[in-house]
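Below is coords.cif, which holds mmCIF, C-alpha atoms.
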```cif
data_model
#
loop_
_atom_site.label_atom_id
_atom_site.label_comp_id
_atom_site.auth_asym_id
_atom_site.auth_seq_id
_atom_site.Cartn_x
_atom_site.Cartn_y
_atom_site.Cartn_z
CA MET V 15 0.00 0.00 0.00
CA SER V 16 1.44 3.40 -1.02
CA TRP V 17 1.98 6.29 1.35
CA THR V 18 -0.95 8.38 -0.07
CA LYS V 19 -3.43 5.55 0.24
CA LYS V 20 -2.36 4.89 3.81
CA GLN V 21 -2.91 8.56 4.72
CA THR V 22 -6.39 8.54 3.14
CA PHE V 23 -7.29 5.40 5.06
CA LEU V 24 -6.18 6.94 8.38
CA PHE V 25 -8.20 10.13 7.74
CA ALA V 26 -11.37 8.19 6.95
CA ALA V 27 -10.97 6.07 10.05
CA PHE V 28 -10.58 9.24 12.08
CA ILE V 29 -13.85 10.71 10.78
CA VAL V 30 -15.83 7.56 11.44
CA ILE V 31 -14.50 7.12 14.92
CA THR V 32 -14.90 10.75 15.90
CA GLY V 33 -18.47 10.92 14.47
CA GLY V 34 -19.62 7.73 16.19
CA THR V 35 -18.30 8.79 19.51
CA ALA V 36 -19.45 12.46 19.50
CA LEU V 37 -22.76 11.64 21.18
CA GLN V 38 -21.01 9.84 24.00
CA GLN V 39 -18.50 12.59 24.61
CA SER V 40 -20.44 14.44 27.31
CA THR V 41 -21.24 11.23 29.18
CA GLU V 42 -17.69 9.87 29.04
CA GLU V 43 -16.27 13.26 29.95
CA ARG V 44 -18.32 13.10 33.09
CA THR V 45 -16.92 9.73 33.91
CA GLY V 46 -13.35 11.01 33.29
CA ALA V 47 -12.62 9.13 29.99
CA ASN V 48 -11.74 10.90 26.69
CA PRO V 49 -12.19 8.48 23.73
CA ILE V 50 -11.22 11.13 21.15
CA ARG V 51 -7.86 11.53 22.77
CA LYS V 52 -7.37 7.80 22.70
CA VAL V 53 -8.28 7.67 19.03
CA VAL V 54 -5.98 10.57 18.21
CA THR V 55 -3.13 8.89 20.07
CA MET V 56 -3.83 5.63 18.31
CA LEU V 57 -3.87 7.36 14.93
CA GLN V 58 -0.69 9.21 15.71
CA ASN V 59 0.99 5.93 16.57
CA MET V 60 -0.35 4.37 13.40
CA GLN V 61 0.85 7.35 11.39
CA LYS V 62 4.31 7.04 12.90
CA GLN V 63 4.43 3.34 12.09
CA VAL V 64 3.24 3.99 8.56
CA GLU V 65 5.86 6.69 8.09
CA GLU V 66 8.59 4.36 9.34
CA GLU V 67 7.45 1.62 6.99
CA GLY V 68 7.32 4.11 4.16
CA GLU V 69 10.85 5.25 4.92
CA ARG V 70 12.07 1.66 4.94
CA GLU V 71 10.31 0.98 1.67
CA LYS V 72 11.84 4.11 0.20
CA LYS V 73 15.32 3.04 1.22
CA LEU V 74 14.76 -0.42 -0.19
CA TYR V 75 13.50 1.07 -3.43
CA GLU V 76 16.48 3.40 -3.71
CA LYS V 77 18.84 0.54 -2.94
CA PHE V 78 17.14 -1.60 -5.54
CA MET V 79 17.33 1.13 -8.16
CA CYS V 80 21.00 1.73 -7.37
CA TYR V 81 21.70 -1.98 -7.73
CA CYS V 82 19.82 -2.10 -11.02
CA GLN V 83 21.86 0.79 -12.38
CA SER V 84 25.28 -0.41 -11.19
CA GLY V 85 24.49 -4.08 -11.70
CA GLY V 86 23.26 -3.37 -15.19
CA LYS V 87 26.50 -1.65 -16.11
CA GLU V 88 28.56 -4.47 -14.65
CA LEU V 89 26.44 -7.00 -16.49
CA GLU V 90 26.84 -5.11 -19.74
CA ALA V 91 30.60 -4.95 -19.22
CA SER V 92 30.70 -8.67 -18.45
CA ILE V 93 28.66 -9.48 -21.55
CA SER V 94 30.87 -7.24 -23.68
CA GLY V 95 34.01 -8.91 -22.32
CA ALA V 96 32.55 -12.34 -22.96
CA GLU V 97 31.65 -11.37 -26.52
CA ASN V 98 35.18 -10.08 -27.12
CA LYS V 99 36.61 -13.28 -25.67
CA VAL V 100 34.37 -15.38 -27.89
CA SER V 101 35.42 -13.39 -30.95
CA THR V 102 39.13 -14.04 -30.25
CA LEU V 103 38.67 -17.63 -29.13
CA PRO V 104 38.97 -19.22 -32.62
CA ALA V 105 42.29 -17.46 -33.23
CA GLU V 106 43.56 -18.54 -29.79
CA ILE V 107 42.52 -22.13 -30.47
CA THR V 108 44.28 -22.06 -33.83
CA ALA V 109 47.42 -20.65 -32.25
CA ALA V 110 47.32 -23.29 -29.50
CA GLU V 111 46.93 -26.07 -32.06
CA GLU V 112 49.85 -24.73 -34.09
CA LYS V 113 51.96 -24.53 -30.93
CA LEU V 114 51.02 -28.11 -30.06
CA VAL V 115 52.10 -29.29 -33.50
CA GLN V 116 55.38 -27.41 -33.15
CA LEU V 117 55.98 -28.92 -29.71
CA LYS V 118 55.38 -32.41 -31.09
CA ASP V 119 57.84 -31.72 -33.91
CA ASP V 120 60.37 -30.37 -31.40
CA ILE V 121 59.99 -33.46 -29.22
CA LYS V 122 60.40 -35.74 -32.22
CA GLN V 123 63.51 -33.86 -33.36
CA HIS V 124 64.91 -33.90 -29.84
CA GLN V 125 64.45 -37.67 -29.70
CA ILE V 126 66.30 -38.00 -33.01
CA ASP V 127 69.10 -35.71 -31.81
CA ARG V 128 69.29 -37.57 -28.51
CA ALA V 129 69.57 -40.93 -30.28
CA ALA V 130 72.25 -39.52 -32.59
CA ALA V 131 74.18 -38.17 -29.60
CA LYS V 132 74.04 -41.55 -27.85
CA SER V 133 75.20 -43.26 -31.02
CA ALA V 134 78.09 -40.81 -31.38
CA MET V 135 79.06 -41.39 -27.74
CA SER V 136 79.02 -45.15 -28.23
CA LYS V 137 81.16 -44.98 -31.39
CA ALA V 138 83.57 -42.51 -29.79
CA THR V 139 83.96 -44.74 -26.74
CA ALA V 140 84.64 -47.80 -28.87
CA LEU V 141 87.25 -45.88 -30.90
CA ARG V 142 88.85 -44.47 -27.75
CA ASN V 143 89.12 -47.93 -26.22
CA LYS V 144 90.72 -49.21 -29.41
CA GLU V 145 93.20 -46.31 -29.54
CA ALA V 146 93.99 -46.72 -25.84
CA ALA V 147 94.68 -50.43 -26.34
CA GLU V 148 96.94 -49.71 -29.31
CA PHE V 149 98.84 -47.08 -27.38
CA ALA V 150 99.22 -49.38 -24.39
CA LYS V 151 100.69 -52.04 -26.68
CA ILE V 152 103.05 -49.57 -28.37
CA LYS V 153 104.21 -48.18 -25.04
CA ALA V 154 104.74 -51.63 -23.55
CA GLU V 155 106.88 -52.66 -26.54
CA ALA V 156 108.79 -49.39 -26.49
CA ASP V 157 109.45 -49.66 -22.77
CA SER V 158 110.66 -53.25 -23.21
CA ASN V 159 112.90 -52.38 -26.17
CA MET V 160 114.35 -49.28 -24.51
CA LEU V 161 115.06 -51.32 -21.41
CA ALA V 162 116.94 -53.89 -23.53
CA VAL V 163 118.90 -51.12 -25.28
CA ALA V 164 119.75 -49.53 -21.92
CA LYS V 165 120.98 -52.89 -20.60
CA ALA V 166 123.09 -53.40 -23.72
CA ILE V 167 124.64 -49.95 -23.39
CA THR V 168 125.40 -50.48 -19.70
CA ALA V 169 126.90 -53.91 -20.36
CA LEU V 170 129.08 -52.63 -23.20
CA GLU V 171 130.27 -49.63 -21.19
CA LYS V 172 131.24 -51.99 -18.36
CA GLY V 173 132.91 -54.46 -20.70
CA LEU V 174 130.27 -57.11 -20.07
CA GLY V 175 129.02 -57.40 -23.61
CA ALA V 176 129.69 -61.16 -23.82
CA GLY V 177 127.52 -61.86 -20.79
CA PHE V 178 124.73 -59.65 -22.09
CA LEU V 179 124.66 -61.48 -25.43
CA GLN V 180 123.65 -64.65 -23.58
CA THR V 181 120.54 -63.02 -22.05
CA ARG V 182 116.93 -63.00 -23.18
CA ALA V 183 117.07 -59.20 -23.46
CA ALA V 184 119.82 -59.48 -26.11
CA GLN V 185 117.70 -61.92 -28.14
CA ASP V 186 114.63 -59.65 -27.93
CA LEU V 187 116.74 -56.62 -28.92
CA ARG V 188 118.17 -58.50 -31.90
CA SER V 189 114.65 -59.43 -33.06
CA PHE V 190 113.47 -55.82 -32.64
CA ILE V 191 116.40 -54.39 -34.63
CA MET V 192 115.92 -56.93 -37.41
CA ASN V 193 112.17 -56.36 -37.81
CA LYS V 194 111.02 -53.01 -36.35
CA ALA V 195 113.81 -50.65 -35.41
CA ASP V 196 113.91 -47.41 -37.38
CA VAL V 197 117.63 -47.47 -38.31
CA LEU V 198 119.69 -47.39 -41.46
CA ASP V 199 120.17 -50.74 -43.12
CA VAL V 200 123.94 -50.54 -42.70
CA ASP V 201 123.53 -49.91 -38.99
CA ARG V 202 120.96 -52.67 -38.78
CA GLN V 203 123.46 -55.18 -40.25
CA VAL V 204 126.20 -54.10 -37.85
CA LEU V 205 123.96 -54.34 -34.77
CA VAL V 206 122.39 -57.67 -35.77
CA SER V 207 125.85 -59.08 -36.46
CA PHE V 208 127.04 -57.94 -33.03
CA LEU V 209 124.01 -59.32 -31.19
CA SER V 210 124.31 -62.63 -33.07
CA ALA V 211 127.94 -63.26 -31.97
CA GLU V 212 128.51 -65.92 -29.40
CA THR V 213 131.12 -63.85 -27.57
CA GLY V 214 131.74 -60.18 -27.18
CA GLY V 215 133.77 -57.80 -25.14
CA ALA V 216 136.08 -54.85 -25.35
CA THR V 217 136.73 -54.93 -29.06
CA PRO V 218 137.53 -52.05 -31.39
CA GLY V 219 133.92 -52.10 -32.57
CA THR V 220 132.43 -51.72 -29.10
CA ASP V 221 132.37 -47.91 -29.05
CA GLN V 222 130.71 -47.87 -32.47
CA ILE V 223 128.05 -50.31 -31.30
CA THR V 224 127.48 -48.27 -28.13
CA GLY V 225 127.06 -45.09 -30.18
CA MET V 226 124.54 -46.76 -32.47
CA LEU V 227 122.54 -48.08 -29.51
CA LYS V 228 122.50 -44.67 -27.81
CA GLN V 229 121.33 -43.01 -31.01
CA MET V 230 118.62 -45.66 -31.40
CA GLU V 231 117.60 -45.17 -27.76
CA ALA V 232 117.22 -41.40 -28.23
CA SER V 233 115.16 -41.98 -31.38
CA MET V 234 112.92 -44.46 -29.55
CA LYS V 235 112.39 -42.03 -26.67
CA SER V 236 111.45 -39.28 -29.13
CA VAL V 237 108.97 -41.52 -30.93
CA LEU V 238 107.42 -42.64 -27.63
CA SER V 239 107.15 -39.00 -26.48
CA ASP V 240 105.25 -38.15 -29.67
CA GLU V 241 102.99 -41.14 -29.17
CA MET V 242 102.24 -40.05 -25.60
CA LYS V 243 101.41 -36.50 -26.72
CA GLU V 244 99.11 -37.86 -29.41
CA GLU V 245 97.43 -40.14 -26.88
CA GLU V 246 96.90 -37.23 -24.49
CA ALA V 247 95.37 -35.13 -27.30
CA ASP V 248 93.06 -38.02 -28.21
CA ILE V 249 91.94 -38.33 -24.58
CA ASN V 250 91.19 -34.60 -24.36
CA ALA V 251 89.26 -34.68 -27.65
CA TYR V 252 87.28 -37.67 -26.42
CA ASN V 253 86.41 -36.01 -23.11
CA THR V 254 85.33 -32.82 -24.88
CA LEU V 255 83.12 -34.78 -27.25
CA MET V 256 81.56 -36.78 -24.41
CA ASP V 257 80.79 -33.63 -22.40
CA SER V 258 79.10 -32.05 -25.41
CA LYS V 259 77.05 -35.14 -26.25
CA LYS V 260 76.03 -35.60 -22.61
CA GLN V 261 74.54 -32.10 -22.63
CA GLU V 262 72.58 -32.98 -25.77
CA VAL V 263 71.28 -36.18 -24.21
CA GLU V 264 70.33 -34.50 -20.91
CA ALA V 265 68.76 -31.42 -22.55
#
```

Let me see the structure of the file written as C-alpha cells.
Amino acid sequence: MSWTKKQTFLFAAFIVITGGTALQQSTEERTGANPIRKVVTMLQNMQKQVEEEGEREKKLYEKFMCYCQSGGKELEASISGAENKVSTLPAEITAAEEKLVQLKDDIKQHQIDRAAAKSAMSKATALRNKEAAEFAKIKAEADSNMLAVAKAITALEKGLGAGFLQTRAAQDLRSFIMNKADVLDVDRQVLVSFLSAETGGATPGTDQITGMLKQMEASMKSVLSDEMKEEEADINAYNTLMDSKKQEVEA
C-alpha cells in the first residue's frame, strides 16, 4: 500500500470514529474518559508506524534502483568482455593447435638428436678404447725395447758385452732391430751381427756399437714421447666430445 493511500485510510478512520463517539463525549467526559484523545493517540501511533514503513520501503527502493543501475553496467561490461573473448577464441585455439604441432615436432627432433648423440658417444667410446689399447701395446713394446737397449749400453760400457749377449734381453733386442727398429740398413746389419755373436767384449767395434745403440735409444724415446702427446690429445678430444654429447642427451 502506497503512502498516499495509507494517509487517506487513516483520515477516513478518524472521521468515522470521531463521528460515532461524538454523542457519548459528554457522558464519558463526566466519567473522566476521553475516547477522542485515545483515538488521536492511536492514529498518531499508526501514522508514525506507517511513516517508518514508508521510509524503509523508500530506502529499499532506492537501494534496488542503485543496484539495477550499477548491476546493469557491470552485467553489460561482463557481456561485452565475454563477446570479445568469444570473438578471439577461434584465433587462440588455432594458435594453440599450431603450438602443439610445433611442440610435437620439437619433441620428435629432440628424440632424433638424442639418439644420434648416444650413437656418437658409443662410437667414440669404442674408438677411444681401441686407440687406448693400441697405445698401451706400443708403449709396452717401447718400454721393453728401450730397457733392452739400456741394458746393452750399460753392459758394453762396463765391458760385459759377452755376458749380455747370452741373455733374453739381447735376443729380444736383436729381433726388434731386425724387424722393427727405425735405423739405417747398414747400422741394422752391424747391430744384428754384433748381437748374433757368441762372444763379445772390449773390441775395437764396441764404441761404435754403443754409439749406435744410444742413437737408437734417443730416437725411440722421441717416438714414444710423440705417441704419448698424441694419446693425451686423443683423450682430451674424447672427453670434450663426451661432455658435449652428454649435454645434448640431458637437454

With all atoms listed in the file counted and 9 Å as the cut-off, give the residues of region 41-158 of chain V in contact with region 225-249 of chain V, each with its shortest interatomic distance in Å and the pair that gives it, as a tab-separated table.
```
residue	atom	partner	partner_atom	distance
V:Arg142	CA	V:Ile249	CA	7.6
V:Glu145	CA	V:Glu245	CA	7.9
V:Ala146	CA	V:Glu245	CA	7.5
V:Phe149	CA	V:Glu245	CA	7.1
V:Ile152	CA	V:Leu238	CA	8.2
V:Lys153	CA	V:Leu238	CA	6.9
V:Ala156	CA	V:Leu238	CA	7.0
V:Asp157	CA	V:Leu238	CA	8.8
```

Handout entry: Residues matched by the PyMOL selection byres ((chain V and resi 260) around 12), written as a PyMOL selection string
Key = chain V and resi 127-136+253-259+261-265

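Residues captured in this structure file are Leu187, Arg188, Ile191, Met192, Asn193, Ala195, Asp196, Val197, Leu198, Asp199, Val200, Asp201, Val206, Ser207, Phe208, Leu209, Ser210, Gly219, Gln222, Ile223, Thr224, Met226 and Leu227 of chain V, according to the PyMOL selection byres ((chain V and resi 202-205) around 10).
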
Practice task
Please indicate the distance in Å from CA of Glu171 (chain V) to CA of Ala211 (chain V), rounded to one decimal place.
Solution key: 17.5 Å

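What separates CA of Lys62 (chain V) from CA of Leu74 (chain V) is a distance of 18.3 Å.
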
Fill in the blank from the handout: One decimal place gives the CA of Ala184 (chain V)-CA of Glu148 (chain V) separation as 25.1 Å

Exercise for the section: Let me know the residues the PyMOL selection byres ((chain V and resi 181) around 12) catches in the file above, as a PyMOL selection string. Expected result: chain V and resi 162+165-166+169+174-180+182-188+209-210+212-213
